[in-house]
Each structure stands twice: as C-alpha cells, then as structure tokens.
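Peer 1: Dropping the structure in here first, questions after.
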Amino acid sequence: MPAGRPGPAAQSARRPPPLLPLLLLCVLGVPRAGSGAHTAVISPQDPTLLIGSSLQATCSLHGDPPGTTAEGLYWTLNGRRLPPELSRVLNASTLALVLANLNGSRQQSGDNLVCHARDGSILAGSCLYVGLPPEKPFNISCWSKNMKDLTCRWTPGAHGETFLHTNYSLKYKLRWYGQDNTCEEYHTVGPHSCHIPKDLALFTPYEIWVEATNRLGSARSDVLTLDILDVVTTDPPPDVHVSRVGGLEDQLSVRWVSPPALKDFLFQAKYQIRYRVEDSVDWKVVDDVSNQTSCRLAGLKPGTVYFVQVRCNPFGIYGSKKAGIWSEWSHPTAASTPRSERPGPGGGACEPRGGEPSSGPVRRELKQFLGWLKKHAYCSNLSFRLYDQWRAWMQKSHKTRNQDEGILPSGRRGAARGPAR
C-alpha cells in the first residue's frame, strides 16, 4: 500500500453516516446519555439561540468505552461533517465545538448536531434551534357568510420568517364583557387564518387579536373591533349566463342569480361585472350595475370571444351603515359576439366617392357614440333610453342633412324643380 494513503478502514471511518437518519433525529428524538449503547452526552442539550449568536458545545464520554477517546470523536451538523479546526480536545473524554455567527435553522424542528465515534457511529445528539422571536402580527381581516360564523386571516409580520416553529392563536371576546375565547379551526383559507363556526352574537362588537409565540418570545397584534353585521359577505353569484343580443355584433347580455344567502337576510346587494377578450389578461370592470341581476355590455368587438365574471357586495344588513365586503368573482363564463357581415376596408367593397352622397358624417358620429359605449357599458334603463334618443336624433339629423344636400324623395324632387318650360 502506498505510503501516506489511508487504508480502507480509515476511509470508512471518515465517511459520514447516511443523511436521512440524521435529519430525523430532532423529529424522532436524539440519543441521550445512558440510552442503550450510547455513552456520551452533548452539552448544552437542545439550545435555542438568536441568529448571529455563537455556540460552545461539548461532547463528553461517559465511563471508559473501549478504544474510544476524545481524539477520535468528530461532529456533524445536519449530516455534514464539520471542519476539524472548529473542534478541540479538552481532555481524554471531552471534545469541544465552537460555532460562530449562526444562521437560521434549516428546519423548524431544529438542526441536528451529532457527536460521532471514530467508526462513524452516533454517540449523542442535540437539536439546535436558531432563529428570531415572532414579530407583531398585523393586517387582520374578518368576514362572515351567514351572520353566525366568522373567518379571519392575518399577516405574520413585516419579515415573516422566524426559522423556528411559531404558533399563532386567534383570540376573541365581546367588547364590554365576557372571557377570552380561542379559535380552533386553523388554516381554513390559508396558512394564517382561522374559522369560528358558530355561537357569535349580533348587535354587539367583538374584540379580535392574534398572539404569536415561539422558543424566543411572543408578540401580540393590535385589537380589531368589529360588529358581525358590518363584515357580511356572500358566495359569488351562481348561474351566470352570457348570451348574444339578437344580431347585434357589438353587444352581449349578462344575467345571473342572486346568492342564496341573500334570501335569508334583510339586506340588498350591489354587483360588479368584469370582462376581457379571450387572448388578453386585462379585465375591464363595470361598476354601475347597481342591484340589478342583468346587464348588457356594449361597444364590444364583433366576432370576439369574451370571458365574463360577476361578484356581489351586500349592504344595509339590518340597518348597518357599512358597505359590506365584496365576494369572490364567479367562475368565468365565455360567449362570443356575432361576426360582422359588413365588408371592411380591403374586403372587396367600394368606398363611396367624394362627390357621391354618403353616410360618412353619420358613420363618424356613430363611431363617436360607440367609442363612448366602450368606456361605459350600459346597465340601466336610463342608458337604454339615452341610446334610443340618440338613434332618433341621428335619424332626424340624417334627414335634415339630406335635405340640405339636395337629396330629396323622388316625389318632392320633381316639385322642387318646378314646371318644365
């Protein structure tokens, strides 16, 4: 065997143990002194430290294990062997370790710090927790879908990550009396949320807050005060139908059904519609739908597929002055406008010549009105009346223009020329 090259036994001794068993140590339990064949102990055991701190640990052998001394021991952290320069032998049975400027733990259950014998066997282990205390939770928002329940969610903190397992508890109580209650159904609408299913009082305010705790401390949010009647929302409107309006190539009709919850409560609702073309991600929102359950979208592109959604906002619940909370958008419903049958430029049709009578001014005015409609989808009776008035005005204007230009009906044309000489 060449000089200087370690033999197979030495290579085997330096080979780190499999990673998976080590990663499970802090989950299933690390070896402790006096447990079976393990004859060492790590001190301190399961320390919790702030990020940036330093750790001084020792691995001490117990008794006089045959063939084992501190000079043959080594350390691993999360399955990786630590450089020997980080360790030093204190005496024949104790190996010390110094780790400076620690980063946050790689796993919330703790990092695995393990002391090994020369042959790689595990002598002792410790869970190392390095992280930050929790920050003050904020941005608490709550809503109720049936005036009997309440769902709340919050933001864990400005930075969020603590690198340690952090427990969040939603607390609530009646504002002027009653004891603190703790929400029990967590993660209902996300990682930082909780649902209170029943036994809530109406016509009286609640105080709601969130408490966060971990190994390094605790924090409490500001108190949110609310009345259940002021935070009612609904499911999205069901049965949204989108259809063509006869042969009108620039319009679609939208109809929907009020959410079932509206039938059980003494309040109204207002709606919003949004729509987009098939190959776009930009939505256009129609705000002036009021409390109707139908709307006609105008100023659309002919022969185009549109996706339409509707959402609901209840208000005036038992006299509440608050506006309510918008529901989620309904599932997208698709429909297409009819294709235009009028030949456009380049389609083989002849454009009117300058000296011939034409409807050019009318077309320009029509384009102006359609341009207005593109910005204002009409969803009220007032808009329909306005549209009818505009059409009547256009017909009258067209007739007057024809008279001024000498374009008269055949009967009146002969009378206008007078008797023939």
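Residues are referred to by chain and number: the chain letter is A, B, ... according to the order shown in the structure tokens, the number counts from 1 in that chain, and ligands are numbered separately from 1 in the order shown.
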Quick one: residues within 8 Å of Leu216 (chain A), only C-alpha atoms, excluding same-chain residues fewer than 2 positions away - as a PDB file with all heavy atoms, in the first residue's frame?

Peer 2:
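That gives us selection23.pdb:
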```pdb
ATOM      1  N   THR A  48     -31.476  27.006  22.278  1.00  0.00           N
ATOM      2  CA  THR A  48     -32.190  27.929  21.399  1.00  0.00           C
ATOM      3  C   THR A  48     -31.431  29.239  21.390  1.00  0.00           C
ATOM      4  O   THR A  48     -31.206  29.849  22.443  1.00  0.00           O
ATOM      5  CB  THR A  48     -33.634  28.161  21.892  1.00  0.00           C
ATOM      6  OG1 THR A  48     -34.324  26.906  21.940  1.00  0.00           O
ATOM      7  CG2 THR A  48     -34.371  29.100  20.956  1.00  0.00           C
ATOM      8  N   LEU A  49     -31.046  29.695  20.194  1.00  0.00           N
ATOM      9  CA  LEU A  49     -30.178  30.862  20.072  1.00  0.00           C
ATOM     10  C   LEU A  49     -30.722  31.820  19.011  1.00  0.00           C
ATOM     11  O   LEU A  49     -31.410  31.415  18.072  1.00  0.00           O
ATOM     12  CB  LEU A  49     -28.757  30.448  19.685  1.00  0.00           C
ATOM     13  CG  LEU A  49     -28.053  29.480  20.639  1.00  0.00           C
ATOM     14  CD1 LEU A  49     -26.785  28.955  19.995  1.00  0.00           C
ATOM     15  CD2 LEU A  49     -27.733  30.174  21.961  1.00  0.00           C
ATOM     16  N   LEU A  50     -30.378  33.095  19.178  1.00  0.00           N
ATOM     17  CA  LEU A  50     -30.718  34.093  18.171  1.00  0.00           C
ATOM     18  C   LEU A  50     -29.787  33.978  16.973  1.00  0.00           C
ATOM     19  O   LEU A  50     -28.617  33.569  17.098  1.00  0.00           O
ATOM     20  CB  LEU A  50     -30.599  35.494  18.767  1.00  0.00           C
ATOM     21  CG  LEU A  50     -31.743  35.976  19.669  1.00  0.00           C
ATOM     22  CD1 LEU A  50     -31.327  37.261  20.388  1.00  0.00           C
ATOM     23  CD2 LEU A  50     -33.000  36.226  18.844  1.00  0.00           C
ATOM     24  N   GLY A 131     -32.968  31.146  15.461  1.00  0.00           N
ATOM     25  CA  GLY A 131     -33.985  31.903  14.744  1.00  0.00           C
ATOM     26  C   GLY A 131     -34.219  33.265  15.348  1.00  0.00           C
ATOM     27  O   GLY A 131     -33.327  33.875  15.938  1.00  0.00           O
ATOM     28  N   LEU A 132     -35.464  33.753  15.201  1.00  0.00           N
ATOM     29  CA  LEU A 132     -35.852  35.076  15.660  1.00  0.00           C
ATOM     30  C   LEU A 132     -37.145  34.973  16.463  1.00  0.00           C
ATOM     31  O   LEU A 132     -37.964  34.086  16.218  1.00  0.00           O
ATOM     32  CB  LEU A 132     -36.078  36.012  14.462  1.00  0.00           C
ATOM     33  CG  LEU A 132     -34.880  36.287  13.560  1.00  0.00           C
ATOM     34  CD1 LEU A 132     -35.330  37.006  12.301  1.00  0.00           C
ATOM     35  CD2 LEU A 132     -33.834  37.121  14.295  1.00  0.00           C
ATOM     36  N   PRO A 133     -37.351  35.884  17.402  1.00  0.00           N
ATOM     37  CA  PRO A 133     -38.654  35.912  18.081  1.00  0.00           C
ATOM     38  C   PRO A 133     -39.730  36.365  17.098  1.00  0.00           C
ATOM     39  O   PRO A 133     -39.431  37.020  16.088  1.00  0.00           O
ATOM     40  CB  PRO A 133     -38.446  36.935  19.202  1.00  0.00           C
ATOM     41  CG  PRO A 133     -37.327  37.804  18.724  1.00  0.00           C
ATOM     42  CD  PRO A 133     -36.430  36.922  17.908  1.00  0.00           C
ATOM     43  N   PRO A 134     -40.988  36.027  17.349  1.00  0.00           N
ATOM     44  CA  PRO A 134     -42.043  36.418  16.403  1.00  0.00           C
ATOM     45  C   PRO A 134     -42.240  37.921  16.385  1.00  0.00           C
ATOM     46  O   PRO A 134     -42.040  38.609  17.391  1.00  0.00           O
ATOM     47  CB  PRO A 134     -43.278  35.697  16.930  1.00  0.00           C
ATOM     48  CG  PRO A 134     -42.994  35.467  18.376  1.00  0.00           C
ATOM     49  CD  PRO A 134     -41.515  35.264  18.479  1.00  0.00           C
ATOM     50  N   THR A 213     -46.250  32.988  19.311  1.00  0.00           N
ATOM     51  CA  THR A 213     -45.253  32.545  20.295  1.00  0.00           C
ATOM     52  C   THR A 213     -44.311  31.533  19.651  1.00  0.00           C
ATOM     53  O   THR A 213     -44.726  30.726  18.815  1.00  0.00           O
ATOM     54  CB  THR A 213     -45.926  31.888  21.520  1.00  0.00           C
ATOM     55  OG1 THR A 213     -46.734  30.786  21.086  1.00  0.00           O
ATOM     56  CG2 THR A 213     -46.804  32.884  22.255  1.00  0.00           C
ATOM     57  N   ASN A 214     -43.047  31.586  20.044  1.00  0.00           N
ATOM     58  CA  ASN A 214     -42.081  30.538  19.704  1.00  0.00           C
ATOM     59  C   ASN A 214     -41.050  30.456  20.827  1.00  0.00           C
ATOM     60  O   ASN A 214     -41.208  31.066  21.885  1.00  0.00           O
ATOM     61  CB  ASN A 214     -41.450  30.759  18.330  1.00  0.00           C
ATOM     62  CG  ASN A 214     -40.552  31.981  18.256  1.00  0.00           C
ATOM     63  OD1 ASN A 214     -40.146  32.559  19.274  1.00  0.00           O
ATOM     64  ND2 ASN A 214     -40.232  32.399  17.041  1.00  0.00           N
ATOM     65  N   SER A 218     -42.704  36.098  22.356  1.00  0.00           N
ATOM     66  CA  SER A 218     -44.093  36.191  21.916  1.00  0.00           C
ATOM     67  C   SER A 218     -44.381  37.610  21.462  1.00  0.00           C
ATOM     68  O   SER A 218     -43.628  38.554  21.764  1.00  0.00           O
ATOM     69  CB  SER A 218     -45.049  35.791  23.051  1.00  0.00           C
ATOM     70  OG  SER A 218     -44.908  36.664  24.158  1.00  0.00           O
TER      71      SER A 218
END
```

Peer 1: Identify, on the basis of only C-alpha atoms, every residue whose closest approach to Gln251 (chain A) does not exceed 6 Å; exclude the query and any residue fewer than 2 positions from it along the same chain; express the result as a list of chain:residue names.

Peer 2: A:Leu248, A:Glu249, A:Leu297, A:Ala298, A:Leu300

Peer 1: Can those selected residues be exported to a file as a PDB file, in the first residue's frame so that it contains C-alpha atoms?

Peer 2:
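Result file is result31.pdb:
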```
ATOM      1  CA  LEU A 248     -76.129  42.985 -32.597  1.00  0.00           C
ATOM      2  CA  GLU A 249     -72.462  42.374 -33.232  1.00  0.00           C
ATOM      3  CA  LEU A 297     -72.356  45.031 -22.393  1.00  0.00           C
ATOM      4  CA  ALA A 298     -71.937  47.280 -25.426  1.00  0.00           C
ATOM      5  CA  LEU A 300     -67.595  45.134 -27.940  1.00  0.00           C
TER       6      LEU A 300
END
```

Peer 1: Apply DSSP to the structure's backbone, then extract all residues of region 71-262 of chain A labelled strand (DSSP E or B) and return them as a PyMOL selection string.

Peer 2: chain A and resi 74-77+80-81+87-91+94-99+111-116+122-131+138-144+150-155+167-174+181-182+185-186+193-196+206-214+217-220+224-226+232+241-244+252-255

Peer 1: Wanna dump the region 229-267 of chain A-region 309-313 of chain A contacts at 10 Å for me, each residue with its shortest atom pair and the distance in Å to one decimal, counting only C-alpha atoms, ordered by chain and number, as CSV?

Peer 2:
```
residue,atom,partner,partner_atom,distance
A:Val232,CA,A:Asn313,CA,8.7
A:Thr233,CA,A:Asn313,CA,6.6
A:Thr234,CA,A:Cys312,CA,7.0
A:Asp235,CA,A:Cys312,CA,7.9
A:Pro236,CA,A:Arg311,CA,5.4
A:Pro237,CA,A:Arg311,CA,6.2
A:Pro238,CA,A:Val310,CA,9.0
A:Val240,CA,A:Val310,CA,7.5
A:His241,CA,A:Gln309,CA,9.7
A:Val242,CA,A:Gln309,CA,9.7
A:Val254,CA,A:Val310,CA,9.2
A:Arg255,CA,A:Val310,CA,9.4
A:Trp256,CA,A:Val310,CA,8.1
A:Ser258,CA,A:Cys312,CA,8.3
A:Pro259,CA,A:Cys312,CA,8.1
```

Peer 1: Write out as a PyMOL selection string the residues lying within 6 Å of region 71-84 of chain A, counting only C-alpha atoms and excluding same-chain residues fewer than 6 positions away.

Peer 2: chain A and resi 19+22+111-118

Peer 1: Mind dumping the selected residues with C-alpha atoms as an mmCIF file, in the first residue's frame?

Peer 2:
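Output contents, as saved in result.cif:
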```cif
data_model
loop_
_atom_site.group_PDB
_atom_site.id
_atom_site.type_symbol
_atom_site.label_atom_id
_atom_site.label_comp_id
_atom_site.auth_asym_id
_atom_site.auth_seq_id
_atom_site.Cartn_x
_atom_site.Cartn_y
_atom_site.Cartn_z
ATOM 1 C CA LEU A 19 -28.124 11.879 5.765
ATOM 2 C CA LEU A 22 -29.598 12.256 10.931
ATOM 3 C CA ASP A 111 -30.903 21.389 13.226
ATOM 4 C CA ASN A 112 -29.209 18.097 14.085
ATOM 5 C CA LEU A 113 -25.905 18.446 15.933
ATOM 6 C CA VAL A 114 -24.384 14.963 16.386
ATOM 7 C CA CYS A 115 -21.250 13.617 18.079
ATOM 8 C CA HIS A 116 -19.694 10.564 16.364
ATOM 9 C CA ALA A 117 -17.136 7.928 17.294
ATOM 10 C CA ARG A 118 -14.148 7.211 15.069
#
```

Peer 1: Neighbours of region 166-172 of chain A within 7 Å (only C-alpha atoms; same-chain residues fewer than 2 positions away dropped), as a list of chain:residue names?

Peer 2: A:Leu164, A:Asp180, A:Asn181, A:Thr182, A:Cys183, A:Tyr206, A:Glu207, A:Ile208, A:Trp209, A:Val210, A:Glu211, A:Ala212, A:Thr213, A:Asn214

Peer 1: Which residue gives the smallest distance to Phe138 (chain A) among A:Ile51, A:Leu224, A:Ala261, A:Ala201, with only C-alpha atoms counted?

Peer 2: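 Of A:Ile51, A:Leu224, A:Ala261, A:Ala201, the one nearest Phe138 (chain A) is A:Leu224, counting only C-alpha atoms.
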
Peer 1: Rank A:Ser320, A:Ile228, A:Asp149, A:Tyr177 by their smallest atom-to-atom distance to Asp199 (chain A), using only C-alpha atoms, and report the top residue only.

Peer 2: A:Asp149

Peer 1: Excluding region 93-106 of chain A and its own-chain neighbours fewer than 6 positions away, which residues fall within 6 Å of it when counting only C-alpha atoms? Please give them as a list in words.

Peer 2: Ile51, Gly52, Ser53, Ser54, Leu55, Gln56, Ala57, Thr58, Cys59, Ser60, Leu61, Thr69, Ala70, Leu86, Ser87, Val130, Gly131 and Phe163 of chain A

Peer 1: Closest to Pro191 (chain A) among A:Cys152, A:Leu128, A:Val231, A:Ile273, using only C-alpha atoms?

Peer 2: A:Cys152

Peer 1: Which residues, written as a count of residues only, have at least one atom at most 12 Å from Lys263 (chain A), with only C-alpha atoms counted and residues fewer than 5 positions away on the same chain left out?

Peer 2: 7

Peer 1: Using only C-alpha atoms, which residue out of A:Tyr129, A:Trp283, A:Leu150, A:Gln272 lies closest to Glu328 (chain A)?

Peer 2: A:Gln272

Peer 1: Would you work out the distance separating CA of Lys321 (chain A) from CA of Tyr271 (chain A), expressed in Å to one decimal?

Peer 2: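 Going from CA of Lys321 (chain A) over to CA of Tyr271 (chain A) covers 17.7 Å.
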